[in-house]
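**Student:** Below you'll find the structure I mean.
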Amino acid sequence: MEDFKKHMEFMETRRGFLKKSALGFGSVALASLLGPSSLYGNDLLGSRPQNILGGSLGGTHFPAKAKRVIYLFQSGGPSQLETFDYKPELAKWHGKEIPPSVQGTQRNSGMVSSQSTFPLVKSIYDFKQYGQSGAWVSEIFPYTAQVVDDLCIINSMRTDAINHEPAVMFLQTGSQQSGRPSIGSWLSYGLASDNKNLPNFVVLLSKGGGAQPLSSAAWGNGFLPSHHQGVQFRSGKDPVLYLNNPHGVHDEDRRRALDYVSQLNNHQFDVWKDPEIQSKINQYEMAYKMQNSVPDAVDTKEEPDYIYKLYGEDAKIPGTYAANCLQARRLAERDVKFIQLYHMGWDQHGGLPGGIKKQALGTDQATAGLIKDLKQRGLLEDTLVVWGGEFGRTSFSQGRLTADNYGRDHHPGCFTMWMAGAGVKAGMVYGKTDEFSYNVVQDEVHVHDFQATLLHLLGIDHEKLTFKHQGRRYRLTDVHGHVVKDILS
């Protein structure tokens with residue numbers, strides 16, 4: 001503390017004044033070139049960053065259709081052939097070698113490098129058409145089939161990554177390498193949230209998922225200020241660690257201590273201009289507010305019985321996918337901007353028929369229940385729901401093909417996602433793959449196109465939400481991406 005006082009005294013001397021002034025004049029000149037209203041100009045002028053509870057954009061670029069997002073990420077890569085991309089022609093080719101003209105130049109993962117034959121395999125599950133849209137849905141999703149007219153199913157997704165972690169990072173951050181901000185972090189930075197007592201970006205992980213690892217970098221802030229990273233809510237008694245006051249510490253005591261620490265931190269910021277100091281101040285403030293807001297947001301004891309019937313009995317078990325879907329609805333009601341669910345276990349290189357059926361049993365009812373629940377509350381009108389994994393699966397069998405068992409390798413060339421709610425055409429099937437579900441033949445949607453469209457629905461021009469880092473302005477979609485206007489309502 002004594003060193004800090006001495007430094008402040010030096011800053012008030014003539015030498016300190018001249019030093020600050022010289023830096024200030026250069027900053028003013030540069031800020032004027034950038035524009036008086038520029039975010040970077042304001043930072044260079046040395047003014048304190050705006051309150052992080054408000055977004056850097058100061059508003060949307062155009063009217064937003066969606067106020068919030070619930071992203072149901074199915075980690076591991078669900079097979080499009082067993083879910084939504086019906087390919088009856090595969091029955092004729094079942095057991096036959098995939099034609100070189102179909103396989104083309106698409107990569108296979110290293111896990112089939114020793115495989116000498118690549119027999120095509122039809123899905124073991126039946127498909128039927130549902131709803132007025134006539135969308136094809138697998139028998140493993142009977143509940144999702146009931147809400148198919150609320151969905152916009154995209155069968156023509158494509159990614160650049162073939163292995164799990166790079167593919168997850170690519171979908172969530174726009175880059176296959178760690179270190180870039182996730183979608184939720186970009187939205188926290190650009191738009192913030194309408195609820196000042198809860199985090200802008202909340203992450204929920206299902207317990208009991210598969211062995212496939214999931215890096216926390218998928219919901220990291222990257223080079224954005226650290227208060228924009230996703231806040232993971234745990235299952236059980238304490239959804240956020242160290243949120244409660246220690247025994248004997250009262251709210252007013254903590255408030256006084258927090259105010260004093262904030263004063264010290266603000267003095268440090270005036271000296272060093274380090275934006276991470278402001279991040280820490282606001283993180284402390286958010287933690288204080290969350291002491292009252294989080295317990296109410298996650299307490300589902302007062303939910304009526306019909307809600308548990310809607311989501312399934314697993315919704316009563318904290319940490320399950322069903323319980324997290326219910327939590328997502330409660331957070332959406334409270335205007336949390338971005339709610340990210342991760343459910344692992346969709347990586348079936350072998351034993352796919354049994355593995356994917358188990359995954360569907362654990363997720364189907366809750367997914368459909370979430371759509372129905374949002375709709376009956378009027379929340380689906382301004383909430384965007386997204387479902388999908390990081391890539392698809394191959395049309396040929398990985399490993400031995402038998403009458404009732406097979407596996408499928410990773411496949412970046414095509415996969416299925418769906419969107420529902422605010423601003424998206426309901427009851428639509430978009431895009432088309434070839435008869436083997438191996439190549440996109442109509443209306444391809446690249447990962448960057450999906451990201452650009454998601455931001456567009458939130459009122460953001462994806463080319464204008466940028467952050468300057470190491471001399472370059474970065475954005476979620478890198479230098480790519482087009483809004484898929486055909487799916488917009």
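Letters A, B, ... mark the chains of the structure tokens in the order given; residue numbers begin at 1 per chain; ligand numbers begin at 1, in order shown.
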Find the spatial neighbours of stretch 161-163 of chain A, counting only C-alpha atoms, within a cut-off of 9 Å - ignore same-chain residues fewer than 4 positions away - and output them as a list in words.

**Tutor:** Arg107, Asn108, Ser109, Ala167, Val168, Phe170, Gln176, Glu390, Phe391, His410, His411 and Pro412 of chain A

**Student:** If we count only C-alpha atoms, what is near A:Phe450 at a cut-off of 12 Å, once residues fewer than 2 positions away on the same chain are taken out, given as a ChimeraX atom specification?

**Tutor:** /A:154,156-159,170-174,183,386,388,416-419,444-448,452-457,462,476-477,480-485,487-488

**Student:** Quick one: distance from atom CA of A:Tyr125 to atom CA of A:Thr320 in Å, one decimal?

**Tutor:** 25.5 Å

**Student:** Can you tell me, as an NGL selection string, which residues in stretch 284-455 of chain A count as alpha helix (DSSP H) by DSSP?

**Tutor:** :A and (284-298 or 305-311 or 321-333 or 352-376 or 447-455)

**Student:** Considering only C-alpha atoms, return as a list in words whatever protein or nucleic-acid residues lie within 12 Å of A:Val441, sequence-local ones (same chain, fewer than 5 positions apart) excluded.

**Tutor:**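 Final neighbour list, sorted by chain and number: Val102, Asn155, Ser156, Met157, Arg158, Gly413, Cys414, Tyr430, Gly431, Lys432, Thr433, Asp434, Glu435 and Phe436 of chain A.
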
**Student:** Dump N, CA and C atoms for the selected residues as a PDB file, in the first residue's frame?

**Tutor:**
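Writing done, so here's selection_24.pdb:
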ATOM      1  N   VAL A 102     -17.945 -41.091 -55.272  1.00  0.00           N
ATOM      2  CA  VAL A 102     -18.661 -40.522 -54.122  1.00  0.00           C
ATOM      3  C   VAL A 102     -17.668 -40.087 -53.053  1.00  0.00           C
ATOM      4  N   ASN A 155     -29.863 -30.012 -43.372  1.00  0.00           N
ATOM      5  CA  ASN A 155     -29.163 -31.260 -43.673  1.00  0.00           C
ATOM      6  C   ASN A 155     -27.867 -31.052 -44.445  1.00  0.00           C
ATOM      7  N   SER A 156     -27.529 -29.808 -44.730  1.00  0.00           N
ATOM      8  CA  SER A 156     -26.396 -29.523 -45.611  1.00  0.00           C
ATOM      9  C   SER A 156     -25.265 -28.777 -44.916  1.00  0.00           C
ATOM     10  N   MET A 157     -25.096 -29.023 -43.625  1.00  0.00           N
ATOM     11  CA  MET A 157     -23.991 -28.410 -42.893  1.00  0.00           C
ATOM     12  C   MET A 157     -22.660 -29.020 -43.340  1.00  0.00           C
ATOM     13  N   ARG A 158     -21.612 -28.220 -43.300  1.00  0.00           N
ATOM     14  CA  ARG A 158     -20.263 -28.693 -43.614  1.00  0.00           C
ATOM     15  C   ARG A 158     -19.258 -27.978 -42.722  1.00  0.00           C
ATOM     16  N   GLY A 413     -17.843 -33.687 -44.207  1.00  0.00           N
ATOM     17  CA  GLY A 413     -18.421 -33.274 -45.496  1.00  0.00           C
ATOM     18  C   GLY A 413     -19.877 -32.915 -45.452  1.00  0.00           C
ATOM     19  N   CYS A 414     -20.640 -33.503 -44.533  1.00  0.00           N
ATOM     20  CA  CYS A 414     -22.047 -33.120 -44.368  1.00  0.00           C
ATOM     21  C   CYS A 414     -22.548 -33.616 -43.026  1.00  0.00           C
ATOM     22  N   TYR A 430     -33.932 -27.747 -44.993  1.00  0.00           N
ATOM     23  CA  TYR A 430     -33.079 -26.954 -45.888  1.00  0.00           C
ATOM     24  C   TYR A 430     -31.834 -27.734 -46.268  1.00  0.00           C
ATOM     25  N   GLY A 431     -31.466 -27.641 -47.540  1.00  0.00           N
ATOM     26  CA  GLY A 431     -30.261 -28.281 -48.019  1.00  0.00           C
ATOM     27  C   GLY A 431     -30.473 -29.747 -48.352  1.00  0.00           C
ATOM     28  N   LYS A 432     -29.556 -30.278 -49.137  1.00  0.00           N
ATOM     29  CA  LYS A 432     -29.699 -31.655 -49.595  1.00  0.00           C
ATOM     30  C   LYS A 432     -28.320 -32.279 -49.791  1.00  0.00           C
ATOM     31  N   THR A 433     -28.219 -33.554 -49.423  1.00  0.00           N
ATOM     32  CA  THR A 433     -27.000 -34.322 -49.665  1.00  0.00           C
ATOM     33  C   THR A 433     -27.270 -35.352 -50.764  1.00  0.00           C
ATOM     34  N   ASP A 434     -26.190 -35.984 -51.238  1.00  0.00           N
ATOM     35  CA  ASP A 434     -26.365 -37.005 -52.272  1.00  0.00           C
ATOM     36  C   ASP A 434     -27.066 -38.233 -51.689  1.00  0.00           C
ATOM     37  N   GLU A 435     -27.289 -39.250 -52.520  1.00  0.00           N
ATOM     38  CA  GLU A 435     -28.076 -40.408 -52.091  1.00  0.00           C
ATOM     39  C   GLU A 435     -27.381 -41.236 -51.019  1.00  0.00           C
ATOM     40  N   PHE A 436     -26.105 -40.934 -50.761  1.00  0.00           N
ATOM     41  CA  PHE A 436     -25.350 -41.643 -49.735  1.00  0.00           C
ATOM     42  C   PHE A 436     -25.133 -40.793 -48.473  1.00  0.00           C
TER      43      PHE A 436
END

**Student:** Could you give me, as a PyMOL selection string, the residues within 9 Å of A:Ala360, counting only C-alpha atoms and dropping anything in the same chain fewer than 4 positions from it?

**Tutor:** chain A and resi 140-141+355-356+364-365

**Student:** Choose the residue, out of A:Ser113, A:Ser215, A:Gln327, A:Ser123, that has the smallest atom-to-atom separation from A:Asp404; count only C-alpha atoms.

**Tutor:**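 Comparing A:Ser113, A:Ser215, A:Gln327, A:Ser123 against A:Asp404, the winner is A:Ser123.
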
**Student:** Record the distance separating atom CA of A:Thr83 and atom CA of A:Glu313, expressed in Å with one decimal.

**Tutor:**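 Calculated distance between atom CA of A:Thr83 and atom CA of A:Glu313 is 23.2 Å.
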
**Student:** Pick the closest to A:Tyr143 from A:Pro119, A:Pro88, A:Pro246, A:Gly362: which is it, counting only C-alpha atoms?

**Tutor:**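 Of the candidates, the smallest distance to A:Tyr143 is held by A:Gly362.
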
**Student:** Any idea what the distance is between atom CA of A:Val202 and atom CA of A:Val336?

**Tutor:**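 Calculated distance between atom CA of A:Val202 and atom CA of A:Val336 is 7.6 Å.
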
**Student:** Using DSSP assignments from the backbone, pull out every residue in stretch 278-378 of chain A that falls under strand (DSSP E) and give it to me as JSON, numbers by chain.

**Tutor:** {"A": [338, 339, 340, 341, 342, 343, 344]}

**Student:** When you count only C-alpha atoms, which of these residues is closest to A:Asp160: A:Gly369, A:Gln106, A:Pro78, A:Ser138?

**Tutor:** A:Gln106
